[in-house]
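Participant: File name data-v9.pdb; file contents PDB, C-alpha atoms; full text below.
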```pdb
MODEL        1
ATOM      1  CA  MET O  71       0.000   0.000   0.000
ATOM      2  CA  GLN O  72       2.855   2.381   0.938
ATOM      3  CA  ALA O  73       4.710   1.580  -2.295
ATOM      4  CA  SER O  74       1.647   2.343  -4.405
ATOM      5  CA  ALA O  75       1.008   5.597  -2.506
ATOM      6  CA  ALA O  76       4.607   6.637  -3.163
ATOM      7  CA  GLY O  77       4.183   5.568  -6.785
ATOM      8  CA  GLN O  78       1.091   7.758  -7.114
ATOM      9  CA  ARG O  79       2.952  10.722  -5.666
ATOM     10  CA  GLU O  80       5.822  10.148  -8.041
ATOM     11  CA  ILE O  81       3.408  10.120 -10.994
ATOM     12  CA  ARG O  82       1.940  13.402  -9.764
ATOM     13  CA  ILE O  83       5.387  14.964  -9.490
ATOM     14  CA  VAL O  84       6.243  13.950 -13.058
ATOM     15  CA  GLU O  85       2.928  15.404 -14.253
ATOM     16  CA  LEU O  86       3.727  18.681 -12.498
ATOM     17  CA  LEU O  87       7.112  18.732 -14.205
ATOM     18  CA  ARG O  88       5.550  18.147 -17.600
ATOM     19  CA  SER O  89       3.132  21.015 -17.037
ATOM     20  CA  GLY O  90       6.016  23.336 -16.160
ATOM     21  CA  ARG O  91       5.197  23.622 -12.450
ATOM     22  CA  GLN O  92       8.748  22.977 -11.421
ATOM     23  CA  VAL O  93       8.713  24.616  -8.007
ATOM     24  CA  GLU O  94       5.613  22.746  -6.918
ATOM     25  CA  ALA O  95       7.074  19.499  -8.264
ATOM     26  CA  PHE O  96      10.295  20.062  -6.345
ATOM     27  CA  ASP O  97       8.457  20.779  -3.096
ATOM     28  CA  ASP O  98       6.554  17.500  -3.426
ATOM     29  CA  LEU O  99       9.732  15.676  -4.405
ATOM     30  CA  VAL O 100      11.600  16.909  -1.335
ATOM     31  CA  ARG O 101       8.749  15.912   0.962
ATOM     32  CA  LEU O 102       8.660  12.458  -0.580
ATOM     33  CA  TYR O 103      12.368  11.710  -0.868
ATOM     34  CA  GLU O 104      14.382  13.778   1.624
ATOM     35  CA  SER O 105      14.295  11.115   4.353
ATOM     36  CA  GLN O 106      15.191   8.311   1.969
ATOM     37  CA  VAL O 107      18.021  10.333   0.480
ATOM     38  CA  PHE O 108      19.327  11.039   3.975
ATOM     39  CA  ARG O 109      19.094   7.393   5.026
ATOM     40  CA  LEU O 110      20.944   6.316   1.893
ATOM     41  CA  CYS O 111      23.675   8.849   2.673
ATOM     42  CA  CYS O 112      23.877   7.571   6.277
ATOM     43  CA  ALA O 113      24.270   4.005   5.066
ATOM     44  CA  LEU O 114      26.983   4.955   2.591
ATOM     45  CA  LEU O 115      28.932   7.510   4.608
ATOM     46  CA  ARG O 116      28.655   6.236   8.212
ATOM     47  CA  ASN O 117      28.733   9.801   9.487
ATOM     48  CA  ARG O 118      25.555  11.695  10.280
ATOM     49  CA  ALA O 119      26.884  15.218   9.690
ATOM     50  CA  GLU O 120      28.489  14.234   6.390
ATOM     51  CA  ALA O 121      25.289  12.420   5.447
ATOM     52  CA  GLU O 122      23.228  15.580   5.980
ATOM     53  CA  ASP O 123      25.641  17.594   3.865
ATOM     54  CA  ALA O 124      25.576  14.970   1.125
ATOM     55  CA  ALA O 125      21.764  14.793   1.274
ATOM     56  CA  GLN O 126      21.564  18.565   0.939
ATOM     57  CA  GLU O 127      24.009  18.614  -2.000
ATOM     58  CA  SER O 128      22.140  15.773  -3.688
ATOM     59  CA  LEU O 129      18.775  17.508  -3.441
ATOM     60  CA  VAL O 130      20.262  20.788  -4.664
ATOM     61  CA  ARG O 131      21.688  18.932  -7.645
ATOM     62  CA  VAL O 132      18.258  17.412  -8.264
ATOM     63  CA  TRP O 133      16.787  20.929  -8.236
ATOM     64  CA  LYS O 134      19.395  22.236 -10.680
ATOM     65  CA  ASN O 135      18.789  19.383 -13.117
ATOM     66  CA  LEU O 136      15.054  18.990 -12.656
ATOM     67  CA  ALA O 137      14.182  20.852 -15.833
ATOM     68  CA  GLY O 138      16.244  18.342 -17.785
ATOM     69  CA  PHE O 139      14.574  15.238 -16.306
ATOM     70  CA  ASP O 140      13.182  13.416 -19.314
ATOM     71  CA  GLY O 141      11.250  10.649 -17.543
ATOM     72  CA  ARG O 142      13.121   7.806 -19.225
ATOM     73  CA  ALA O 143      14.101   6.438 -15.817
ATOM     74  CA  ALA O 144      11.882   6.458 -12.759
ATOM     75  CA  LEU O 145      12.200   9.638 -10.711
ATOM     76  CA  SER O 146      13.341   7.677  -7.656
ATOM     77  CA  THR O 147      16.005   5.869  -9.711
ATOM     78  CA  TRP O 148      17.323   9.193 -10.949
ATOM     79  CA  ILE O 149      17.373  10.742  -7.466
ATOM     80  CA  TYR O 150      19.126   7.744  -5.901
ATOM     81  CA  ALA O 151      21.752   7.760  -8.667
ATOM     82  CA  ILE O 152      22.530  11.422  -7.966
ATOM     83  CA  THR O 153      22.710  10.665  -4.242
ATOM     84  CA  ARG O 154      25.056   7.705  -4.689
ATOM     85  CA  ASN O 155      27.351   9.788  -6.875
ATOM     86  CA  ARG O 156      27.521  12.556  -4.271
ATOM     87  CA  CYS O 157      28.311  10.017  -1.587
ATOM     88  CA  LEU O 158      31.007   8.390  -3.709
ATOM     89  CA  THR O 159      32.561  11.816  -4.228
ATOM     90  CA  ALA O 160      32.471  12.406  -0.471
ATOM     91  CA  LEU O 161      34.049   9.006   0.174
ATOM     92  CA  GLU O 162      36.810   9.703  -2.336
ATOM     93  CA  ARG O 163      37.478  13.041  -0.711
ATOM     94  CA  ARG O 164      37.597  11.391   2.706
ATOM     95  CA  ARG O 165      39.974   8.678   1.496
ATOM     96  CA  HIS O 166      42.257  11.294   0.053
ATOM     97  CA  GLU O 167      42.217  13.324   3.285
ATOM     98  CA  LEU O 168      42.871  10.234   5.401
ATOM     99  CA  SER O 169      45.801   9.225   3.229
ATOM    100  CA  LEU O 170      47.360  12.614   3.979
ATOM    101  CA  SER O 171      46.746  12.459   7.733
ATOM    102  CA  ASP O 172      48.748  10.685  10.458
ATOM    103  CA  GLU O 173      48.350   6.927   9.992
ATOM    104  CA  ASN O 174      48.360   6.399  13.750
ATOM    105  CA  VAL O 175      45.258   8.526  14.160
ATOM    106  CA  ALA O 176      43.382   6.405  11.666
ATOM    107  CA  ALA O 177      44.560   3.186  13.272
ATOM    108  CA  GLN O 178      43.483   4.374  16.729
ATOM    109  CA  ALA O 179      40.063   5.314  15.486
ATOM    110  CA  GLU O 180      39.611   1.924  13.876
ATOM    111  CA  SER O 181      40.608   0.018  16.979
ATOM    112  CA  GLN O 182      38.261   2.087  19.153
ATOM    113  CA  ALA O 183      35.400   1.448  16.776
ATOM    114  CA  ALA O 184      36.100  -2.285  16.678
ATOM    115  CA  ALA O 185      36.239  -2.837  20.454
ATOM    116  CA  ALA O 186      33.158  -4.629  21.845
ATOM    117  CA  ALA O 187      33.378  -5.628  25.485
ATOM    118  CA  PRO O 188      30.866  -8.301  26.590
ATOM    119  CA  GLY O 189      29.708  -6.108  29.441
ATOM    120  CA  ASP O 190      28.485  -3.355  27.149
ATOM    121  CA  ASP O 191      24.814  -2.757  26.380
ATOM    122  CA  PRO O 192      23.809  -5.523  23.896
ATOM    123  CA  GLN O 193      22.241  -3.059  21.443
ATOM    124  CA  SER O 194      25.433  -1.024  21.323
ATOM    125  CA  VAL O 195      27.418  -4.216  20.823
ATOM    126  CA  LEU O 196      25.131  -5.225  17.979
ATOM    127  CA  ARG O 197      25.472  -1.792  16.327
ATOM    128  CA  GLU O 198      29.247  -2.007  16.547
ATOM    129  CA  LEU O 199      29.201  -5.500  15.039
ATOM    130  CA  VAL O 200      27.069  -4.167  12.196
ATOM    131  CA  GLU O 201      29.653  -1.443  11.590
ATOM    132  CA  GLU O 202      32.361  -4.087  11.307
ATOM    133  CA  LEU O 203      30.556  -6.026   8.582
ATOM    134  CA  PRO O 204      31.941  -5.962   5.034
ATOM    135  CA  GLU O 205      30.731  -2.814   3.339
ATOM    136  CA  LYS O 206      28.283  -4.370   0.882
ATOM    137  CA  PHE O 207      26.627  -6.422   3.649
ATOM    138  CA  ARG O 208      26.516  -3.477   6.028
ATOM    139  CA  ARG O 209      24.828  -1.164   3.508
ATOM    140  CA  CYS O 210      22.158  -3.678   2.606
ATOM    141  CA  LEU O 211      21.476  -4.482   6.245
ATOM    142  CA  LEU O 212      21.237  -0.863   7.375
ATOM    143  CA  LEU O 213      18.982   0.192   4.521
ATOM    144  CA  TYR O 214      16.810  -2.888   4.979
ATOM    145  CA  TYR O 215      15.989  -1.842   8.541
ATOM    146  CA  TYR O 216      15.895   1.878   7.727
ATOM    147  CA  GLU O 217      13.388   1.248   4.940
ATOM    148  CA  GLU O 218      11.022  -0.912   6.978
ATOM    149  CA  GLN O 219      12.388  -4.184   5.649
ATOM    150  CA  SER O 220      11.674  -3.666   1.981
ATOM    151  CA  VAL O 221      14.074  -5.600  -0.242
ATOM    152  CA  GLU O 222      12.647  -3.835  -3.284
ATOM    153  CA  GLN O 223      13.400  -0.417  -1.809
ATOM    154  CA  VAL O 224      16.959  -1.378  -0.852
ATOM    155  CA  ALA O 225      17.584  -2.730  -4.351
ATOM    156  CA  ALA O 226      16.326   0.525  -5.883
ATOM    157  CA  MET O 227      18.457   2.681  -3.611
ATOM    158  CA  LEU O 228      21.656   0.741  -4.196
ATOM    159  CA  ALA O 229      20.925  -0.085  -7.850
ATOM    160  CA  ILE O 230      21.542  -3.792  -7.333
ATOM    161  CA  PRO O 231      19.283  -6.785  -8.043
ATOM    162  CA  GLU O 232      16.852  -7.893  -5.348
ATOM    163  CA  GLY O 233      18.490 -11.308  -5.326
ATOM    164  CA  THR O 234      21.806  -9.701  -4.430
ATOM    165  CA  VAL O 235      20.139  -7.784  -1.600
ATOM    166  CA  LYS O 236      18.676 -11.005  -0.210
ATOM    167  CA  THR O 237      22.026 -12.770  -0.461
ATOM    168  CA  ASN O 238      23.824  -9.928   1.294
ATOM    169  CA  LEU O 239      21.193  -9.833   4.048
ATOM    170  CA  HIS O 240      21.457 -13.563   4.571
ATOM    171  CA  ARG O 241      25.253 -13.452   4.783
ATOM    172  CA  ALA O 242      25.195 -10.392   7.031
ATOM    173  CA  ARG O 243      22.860 -12.116   9.472
ATOM    174  CA  ALA O 244      24.974 -15.254   9.397
ATOM    175  CA  LEU O 245      28.109 -13.262  10.240
ATOM    176  CA  LEU O 246      26.356 -11.359  12.989
ATOM    177  CA  GLY O 247      24.961 -14.569  14.410
ATOM    178  CA  GLN O 248      28.464 -16.066  14.563
ATOM    179  CA  ARG O 249      29.919 -13.020  16.266
ATOM    180  CA  LEU O 250      27.095 -12.737  18.768
ATOM    181  CA  LYS O 251      27.581 -16.400  19.564
ATOM    182  CA  ALA O 252      31.280 -15.796  20.134
ATOM    183  CA  LEU O 253      30.365 -13.035  22.584
ATOM    184  CA  GLY O 254      27.734 -15.120  24.308
ATOM    185  CA  LEU O 255      24.926 -12.849  23.153
ATOM    186  CA  ASP O 256      23.090 -15.315  20.936
ATOM    187  CA  ASP O 257      20.368 -16.037  23.473
ATOM    188  CA  ALA O 258      16.966 -15.305  21.903
ATOM    189  CA  GLN O 259      15.467 -14.697  25.328
ATOM    190  CA  LEU O 260      18.026 -11.961  25.954
ATOM    191  CA  TRP O 261      16.775 -10.058  22.933
ATOM    192  CA  LEU O 262      13.088 -10.848  22.809
ATOM    193  CA  GLU O 263      11.853 -11.238  26.345
ATOM    194  CA  THR O 264      13.804  -8.447  27.991
ATOM    195  CA  GLY O 265      12.744  -5.974  25.301
ATOM    196  CA  ILE O 266      16.308  -5.098  24.228
TER
ATOM    197  CA  MET C  13       9.375 -26.935   7.726
ATOM    198  CA  ASN C  14      10.917 -23.548   7.315
ATOM    199  CA  ASN C  15       9.667 -21.359   4.519
ATOM    200  CA  PRO C  16      11.989 -18.910   2.821
ATOM    201  CA  ARG C  17      11.107 -15.302   3.563
ATOM    202  CA  ASP C  18      11.077 -12.502   1.100
ATOM    203  CA  ASP C  19      14.423 -11.291   2.437
ATOM    204  CA  GLY C  20      16.260 -14.611   1.875
ATOM    205  CA  THR C  21      16.178 -15.903   5.443
ATOM    206  CA  GLU C  22      14.334 -18.894   6.746
ATOM    207  CA  GLN C  23      11.312 -18.220   8.900
ATOM    208  CA  GLY C  24      11.968 -19.067  12.525
ATOM    209  CA  ASP C  25      15.743 -19.081  11.942
ATOM    210  CA  CYS C  26      16.665 -15.612  13.088
ATOM    211  CA  THR C  27      13.483 -14.055  14.322
ATOM    212  CA  TRP C  28      15.210 -12.864  17.468
ATOM    213  CA  LEU C  29      18.133 -11.430  15.472
ATOM    214  CA  ASP C  30      15.746  -9.759  13.070
ATOM    215  CA  GLU C  31      13.869  -8.190  15.960
ATOM    216  CA  ALA C  32      17.131  -7.206  17.680
ATOM    217  CA  LEU C  33      18.383  -5.524  14.517
ATOM    218  CA  ARG C  34      15.087  -3.754  13.987
ATOM    219  CA  ARG C  35      15.314  -2.285  17.474
ATOM    220  CA  SER C  36      19.014  -1.481  17.288
ATOM    221  CA  LEU C  37      18.900   0.208  13.885
ATOM    222  CA  PRO C  38      16.137   2.810  13.998
ATOM    223  CA  PRO C  39      15.937   4.997  10.871
ATOM    224  CA  PRO C  40      18.040   8.148  11.307
ATOM    225  CA  ARG C  41      16.180  11.453  11.206
ATOM    226  CA  LEU C  42      17.193  14.775   9.720
ATOM    227  CA  SER C  43      18.321  17.387  12.245
ATOM    228  CA  ALA C  44      16.132  20.357  13.126
ATOM    229  CA  GLY C  45      18.216  22.853  11.175
ATOM    230  CA  PHE C  46      18.357  20.850   7.954
ATOM    231  CA  HIS C  47      15.433  22.501   6.184
ATOM    232  CA  ALA C  48      16.674  26.029   6.842
ATOM    233  CA  ARG C  49      20.149  25.171   5.546
ATOM    234  CA  PHE C  50      18.632  23.412   2.562
ATOM    235  CA  ALA C  51      16.449  26.406   1.647
ATOM    236  CA  THR C  52      19.535  28.649   1.756
ATOM    237  CA  ALA C  53      21.479  26.229  -0.429
ATOM    238  CA  VAL C  54      18.663  26.154  -3.014
ATOM    239  CA  GLN C  55      18.549  29.967  -3.086
ATOM    240  CA  ARG C  56      22.305  30.087  -3.607
ATOM    241  CA  ALA C  57      21.964  27.540  -6.381
ATOM    242  CA  ASP C  58      19.391  29.790  -8.048
ATOM    243  CA  ALA C  59      21.642  32.873  -7.885
ATOM    244  CA  PRO C  60      23.574  32.159 -11.122
ATOM    245  CA  ARG C  61      20.235  31.977 -13.006
ATOM    246  CA  VAL C  62      18.883  35.126 -11.425
ATOM    247  CA  LEU C  63      22.083  37.173 -11.569
ATOM    248  CA  PRO C  64      22.227  37.816 -15.336
ATOM    249  CA  SER C  65      18.623  39.043 -15.407
ATOM    250  CA  ARG C  66      19.292  41.208 -12.337
ATOM    251  CA  GLN C  67      22.341  42.650 -14.055
ATOM    252  CA  ALA C  68      20.302  43.322 -17.184
ATOM    253  CA  LEU C  69      17.607  45.024 -15.098
ATOM    254  CA  ALA C  70      20.211  47.114 -13.285
ATOM    255  CA  ALA C  71      21.808  48.164 -16.594
ATOM    256  CA  ASP C  72      18.414  49.059 -17.999
ATOM    257  CA  TYR C  73      17.629  51.100 -14.903
ATOM    258  CA  GLU C  74      20.951  52.972 -15.162
ATOM    259  CA  ARG C  75      20.234  53.726 -18.796
ATOM    260  CA  GLN C  76      16.792  55.100 -17.967
ATOM    261  CA  VAL C  77      18.173  57.273 -15.170
ATOM    262  CA  ALA C  78      20.853  58.649 -17.508
ATOM    263  CA  ASP C  79      18.195  59.394 -20.148
ATOM    264  CA  LEU C  80      16.034  61.160 -17.595
ATOM    265  CA  HIS C  81      18.970  63.194 -16.361
ATOM    266  CA  GLN C  82      19.900  64.229 -19.891
ATOM    267  CA  GLY C  83      16.296  65.181 -20.568
ATOM    268  CA  TYR C  84      16.182  67.205 -17.362
ATOM    269  CA  VAL C  85      19.360  69.113 -18.228
ATOM    270  CA  ARG C  86      18.061  69.713 -21.737
ATOM    271  CA  LEU C  87      14.808  71.070 -20.292
ATOM    272  CA  GLN C  88      16.674  73.365 -17.927
ATOM    273  CA  TRP C  89      18.770  74.827 -20.752
ATOM    274  CA  ARG C  90      15.742  75.226 -22.973
ATOM    275  CA  THR C  91      13.813  76.935 -20.229
ATOM    276  CA  LEU C  92      16.698  79.261 -19.458
ATOM    277  CA  GLY C  93      17.217  79.967 -23.118
ATOM    278  CA  THR C  94      13.525  80.621 -23.642
ATOM    279  CA  LEU C  95      13.395  82.984 -20.688
ATOM    280  CA  LEU C  96      16.468  84.885 -21.823
ATOM    281  CA  GLY C  97      15.125  85.061 -25.350
ATOM    282  CA  VAL C  98      11.739  86.323 -24.194
ATOM    283  CA  ALA C  99      13.425  88.858 -21.901
ATOM    284  CA  PHE C 100      15.526  90.262 -24.754
ATOM    285  CA  VAL C 101      12.522  90.333 -27.099
ATOM    286  CA  CYS C 102      10.546  92.191 -24.431
ATOM    287  CA  GLY C 103      13.410  94.580 -24.035
ATOM    288  CA  VAL C 104      13.540  95.274 -27.774
ATOM    289  CA  GLY C 105       9.751  95.637 -27.823
ATOM    290  CA  LEU C 106       9.781  98.129 -24.961
ATOM    291  CA  THR C 107      12.595 100.090 -26.522
ATOM    292  CA  LEU C 108      10.610 100.416 -29.725
ATOM    293  CA  ALA C 109       7.469 101.291 -27.743
ATOM    294  CA  MET C 110       9.256 103.827 -25.510
ATOM    295  CA  PRO C 111       8.152 106.974 -27.404
ATOM    296  CA  TRP C 112       4.531 105.879 -27.137
ATOM    297  CA  ILE C 113       4.954 105.071 -23.419
ATOM    298  CA  ARG C 114       6.452 108.479 -22.749
ATOM    299  CA  GLY C 115       3.604 109.997 -24.636
ATOM    300  CA  GLN C 116       1.054 108.148 -22.510
ATOM    301  CA  LEU C 117       2.710 108.146 -19.078
ATOM    302  CA  GLY C 118       5.134 111.054 -19.231
ATOM    303  CA  ASP C 119       8.736 110.945 -17.957
ATOM    304  CA  TRP C 120       7.788 108.362 -15.287
ATOM    305  CA  GLY C 121       6.519 106.022 -17.958
ATOM    306  CA  PRO C 122       9.772 104.052 -18.614
ATOM    307  CA  LEU C 123      10.415 103.706 -14.885
ATOM    308  CA  ALA C 124       6.856 102.508 -14.242
ATOM    309  CA  VAL C 125       7.106  99.889 -16.996
ATOM    310  CA  ALA C 126      10.535  98.712 -15.767
ATOM    311  CA  GLY C 127       9.302  98.554 -12.178
ATOM    312  CA  GLY C 128       6.218  96.574 -13.186
ATOM    313  CA  GLY C 129       8.315  94.140 -15.159
ATOM    314  CA  ALA C 130      10.732  93.711 -12.241
ATOM    315  CA  LEU C 131       7.866  93.032  -9.832
ATOM    316  CA  ALA C 132       6.351  90.476 -12.180
ATOM    317  CA  GLY C 133       9.719  88.746 -12.543
ATOM    318  CA  VAL C 134      10.330  88.664  -8.780
ATOM    319  CA  ALA C 135       6.822  87.298  -8.192
ATOM    320  CA  LEU C 136       7.269  84.528 -10.773
ATOM    321  CA  GLY C 137      10.705  83.610  -9.441
ATOM    322  CA  ALA C 138       9.506  83.548  -5.825
ATOM    323  CA  ARG C 139       6.544  81.351  -6.735
ATOM    324  CA  SER C 140       8.762  78.856  -8.612
ATOM    325  CA  TRP C 141      11.045  78.547  -5.577
ATOM    326  CA  LEU C 142       8.296  78.273  -2.978
ATOM    327  CA  ARG C 143       5.926  75.967  -4.939
ATOM    328  CA  PRO C 144       7.849  74.133  -7.668
ATOM    329  CA  GLY C 145       5.585  73.073 -10.511
ATOM    330  CA  ALA C 146       2.780  75.402  -9.413
ATOM    331  CA  LEU C 147       3.735  77.764 -12.208
ATOM    332  CA  TRP C 148       2.708  75.156 -14.750
ATOM    333  CA  HIS C 149       0.078  73.151 -12.995
ATOM    334  CA  GLY C 150      -1.623  75.777 -10.841
ATOM    335  CA  SER C 151      -1.898  75.742  -7.063
ATOM    336  CA  ARG C 152      -3.050  72.575  -5.284
TER
ENDMDL
END
```
Could I get this structure in the form of structure tokens?
Facilitator:
Amino acid sequence: MQASAAGQREIRIVELLRSGRQVEAFDDLVRLYESQVFRLCCALLRNRAEAEDAAQESLVRVWKNLAGFDGRAALSTWIYAITRNRCLTALERRRHELSLSDENVAAQAESQAAAAAPGDDPQSVLRELVEELPEKFRRCLLLYYYEEQSVEQVAAMLAIPEGTVKTNLHRARALLGQRLKALGLDDAQLWLETGI
Amino acid sequence: MNNPRDDGTEQGDCTWLDEALRRSLPPPRLSAGFHARFATAVQRADAPRVLPSRQALAADYERQVADLHQGYVRLQWRTLGTLLGVAFVCGVGLTLAMPWIRGQLGDWGPLAVAGGGALAGVALGARSWLRPGALWHGSR
């Protein structure tokens, strides 16, 4: 039902664009997509502040190029492609900056992020384990839960087949299960009955 | 028998992990200041489109002001020239009419005419200074 409502709104936006009502179309577009764009940026960039900047830049780029949108691709596909490109640019910039900085600083940050003491809050431990997953698994997993467990939506945002999303989710869960078991946190009761 | 779920897992396999992940990974939300910053960024993005037309408008305005100024100066010179011309013509006219004036008004005639002209000129000048435009458009 949600997907069809979003689909209807997208159709309306395209109709507004065709009738030259660009400002109105953009307002609707922002309302419909700003959260998804931001969540995609969060999943790709791992940093909330950078994700907001990237989301802003992506939507501004959408605005600048809106007049040239020809409707050959779906509006959402086009918006997500712009967003991914902005995020890739940000990641490249970050890699370049890190390569110029003190290597020890980067190593320290990594080791701090990786540490997961058994005594820590289980949810925090789980979040840290998610952050340690291989990148392609982590992105799929994060977006899957951000987007209310829609494989179709994740596939659209990352521009990968739904089968690949399912495979990545399966492998991500398997890895997490192994690591939680190693930490003694694989008790279903711990997670379900205590409301963690 | 486990049935495959839409997301590639087996039902009953990792329900607890699924639920744990759902609770641990809430969707992030945009910060309170995002929309204000975004609106500013969109305005800045629009500036290159708006700037050329603003520049054209400003140039057009400057041109119009220069035209008006030139017209004003031209009007001032024409008015001054007209007044001077009329004054000299009046002077020539009075000079030619002087014998008749003397005949009518006696020796005081030229002085009376000159005094009357001076008074009229002072009155007109004073009125133009005190109520600009009233000379042409009447009092309001």
Participant: One decimal, in Å: what's the spacing between atom CA of O:Trp261 and atom CA of O:Glu217?
Facilitator: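 Interatomic distance, atom CA of O:Trp261 to atom CA of O:Glu217: 21.5 Å.
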Participant: Convert the output of the PyMOL selection byres ((chain O) within 8 of (chain C)) on the shown file into explicit residues, formatted as a VMD selection string.
Facilitator: chain O and resid 105 108 to 109 112 122 126 130 133 to 134 193 to 194 196 to 197 212 215 to 217 221 235 to 237 239 to 240 243 247 258 261 to 262 266
Participant: Between atom CA of O:Arg241 and atom CA of O:Leu161, what is the spacing in Å?
Facilitator: 24.6 Å
Participant: What gap, in Å, lies between atom CA of O:Leu199 and atom CA of O:Ser128?
Facilitator: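 That distance, rounded to one decimal, is 29.2 Å.
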Participant: Would you list the contacts of stretch 125-131 of chain C as a list in words, taking every protein, DNA or RNA residue within 10 Å and counting only C-alpha atoms, but skipping same-chain residues closer than 6 positions in sequence?
Facilitator: Ala99, Cys102, Gly103, Leu106, Met110, Ile113, Leu117 and Gly137 of chain C
Participant: Fewer than 4 positions away in the same chain doesn't count, so skip those; otherwise give me all residues within 12 Å of O:Glu205, counting all atoms listed in the file, as a ChimeraX atom specification.
Facilitator: /O:113-116,200-201,209-212,238-239,242
Participant: Using only C-alpha atoms, please write the residues we just selected to a file, as an mmCIF file, in the frame of the given file.
Facilitator:
```
data_model
loop_
_atom_site.group_PDB
_atom_site.id
_atom_site.type_symbol
_atom_site.label_atom_id
_atom_site.label_comp_id
_atom_site.auth_asym_id
_atom_site.auth_seq_id
_atom_site.Cartn_x
_atom_site.Cartn_y
_atom_site.Cartn_z
ATOM 1 C CA ALA O 113 24.270 4.005 5.066
ATOM 2 C CA LEU O 114 26.983 4.955 2.591
ATOM 3 C CA LEU O 115 28.932 7.510 4.608
ATOM 4 C CA ARG O 116 28.655 6.236 8.212
ATOM 5 C CA VAL O 200 27.069 -4.167 12.196
ATOM 6 C CA GLU O 201 29.653 -1.443 11.590
ATOM 7 C CA ARG O 209 24.828 -1.164 3.508
ATOM 8 C CA CYS O 210 22.158 -3.678 2.606
ATOM 9 C CA LEU O 211 21.476 -4.482 6.245
ATOM 10 C CA LEU O 212 21.237 -0.863 7.375
ATOM 11 C CA ASN O 238 23.824 -9.928 1.294
ATOM 12 C CA LEU O 239 21.193 -9.833 4.048
ATOM 13 C CA ALA O 242 25.195 -10.392 7.031
#
```
Participant: Measuring between all atoms listed in the file, which one of O:Leu260, O:Val195, O:Ala119, O:Met227 shows the shortest distance to C:Gly45?
Facilitator: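 Looking only at the distances to C:Gly45, the closest residue turns out to be O:Ala119.
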Participant: What do you get, as a compact mmCIF listing (two decimals) with C-alpha atoms, in the coordinates of the input, if you spell out every residue that the PyMOL selection byres ((chain O and resi 73-89) around 8) selects here?
Facilitator:
```txt
# COMPACT_ATOMS: atom_id res chain seq x y z
CA MET O 71 0.00 0.00 0.00
CA GLN O 72 2.86 2.38 0.94
CA GLY O 90 6.02 23.34 -16.16
CA ARG O 91 5.20 23.62 -12.45
CA GLN O 92 8.75 22.98 -11.42
CA GLU O 94 5.61 22.75 -6.92
CA ALA O 95 7.07 19.50 -8.26
CA PHE O 96 10.30 20.06 -6.34
CA ASP O 98 6.55 17.50 -3.43
CA LEU O 99 9.73 15.68 -4.40
CA LEU O 102 8.66 12.46 -0.58
CA ALA O 137 14.18 20.85 -15.83
CA GLY O 141 11.25 10.65 -17.54
CA LEU O 145 12.20 9.64 -10.71
CA SER O 146 13.34 7.68 -7.66
```
Participant: Given the choices O:Leu213, O:Ala124, O:Ala144, O:Leu136, which gets closest to O:Ala160 if the distance is worked out from all atoms listed in the file?
Facilitator: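 Under the stated criterion, the closest residue is O:Ala124.
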Participant: Put a box with edges along x, y and z around all the listed atoms of stretch 74-77 of chain C, pad it by 8 Å on each side, then give me its centre and sizes in Å, one decimal, as AutoDock Vina command-line options.
Facilitator:
```
--center_x 18.9 --center_y 55.1 --center_z -17.0 --size_x 20.2 --size_y 20.3 --size_z 19.6
```
Participant: When you get a chance, write out N, CA, C and O atoms for stretch 248-255 of chain O, as an mmCIF file, in the coordinates of the input.
Facilitator:
```cif
data_model
loop_
_atom_site.group_PDB
_atom_site.id
_atom_site.type_symbol
_atom_site.label_atom_id
_atom_site.label_comp_id
_atom_site.auth_asym_id
_atom_site.auth_seq_id
_atom_site.Cartn_x
_atom_site.Cartn_y
_atom_site.Cartn_z
ATOM 1 N N GLN O 248 27.205 -15.440 14.113
ATOM 2 C CA GLN O 248 28.464 -16.066 14.563
ATOM 3 C C GLN O 248 29.144 -15.200 15.606
ATOM 4 O O GLN O 248 29.629 -15.694 16.632
ATOM 5 N N ARG O 249 29.204 -13.913 15.350
ATOM 6 C CA ARG O 249 29.919 -13.020 16.266
ATOM 7 C C ARG O 249 29.184 -12.868 17.591
ATOM 8 O O ARG O 249 29.792 -12.800 18.660
ATOM 9 N N LEU O 250 27.857 -12.826 17.519
ATOM 10 C CA LEU O 250 27.095 -12.737 18.768
ATOM 11 C C LEU O 250 27.273 -14.017 19.587
ATOM 12 O O LEU O 250 27.374 -13.981 20.818
ATOM 13 N N LYS O 251 27.365 -15.119 18.878
ATOM 14 C CA LYS O 251 27.581 -16.400 19.564
ATOM 15 C C LYS O 251 28.937 -16.390 20.259
ATOM 16 O O LYS O 251 29.073 -16.843 21.397
ATOM 17 N N ALA O 252 29.929 -15.863 19.553
ATOM 18 C CA ALA O 252 31.280 -15.796 20.134
ATOM 19 C C ALA O 252 31.301 -14.924 21.384
ATOM 20 O O ALA O 252 32.088 -15.144 22.313
ATOM 21 N N LEU O 253 30.416 -13.939 21.430
ATOM 22 C CA LEU O 253 30.365 -13.035 22.584
ATOM 23 C C LEU O 253 29.368 -13.501 23.636
ATOM 24 O O LEU O 253 29.173 -12.826 24.647
ATOM 25 N N GLY O 254 28.718 -14.606 23.356
ATOM 26 C CA GLY O 254 27.734 -15.120 24.308
ATOM 27 C C GLY O 254 26.440 -14.329 24.319
ATOM 28 O O GLY O 254 25.695 -14.326 25.297
ATOM 29 N N LEU O 255 26.137 -13.672 23.216
ATOM 30 C CA LEU O 255 24.926 -12.849 23.153
ATOM 31 C C LEU O 255 23.903 -13.430 22.174
ATOM 32 O O LEU O 255 23.048 -12.714 21.658
#
```
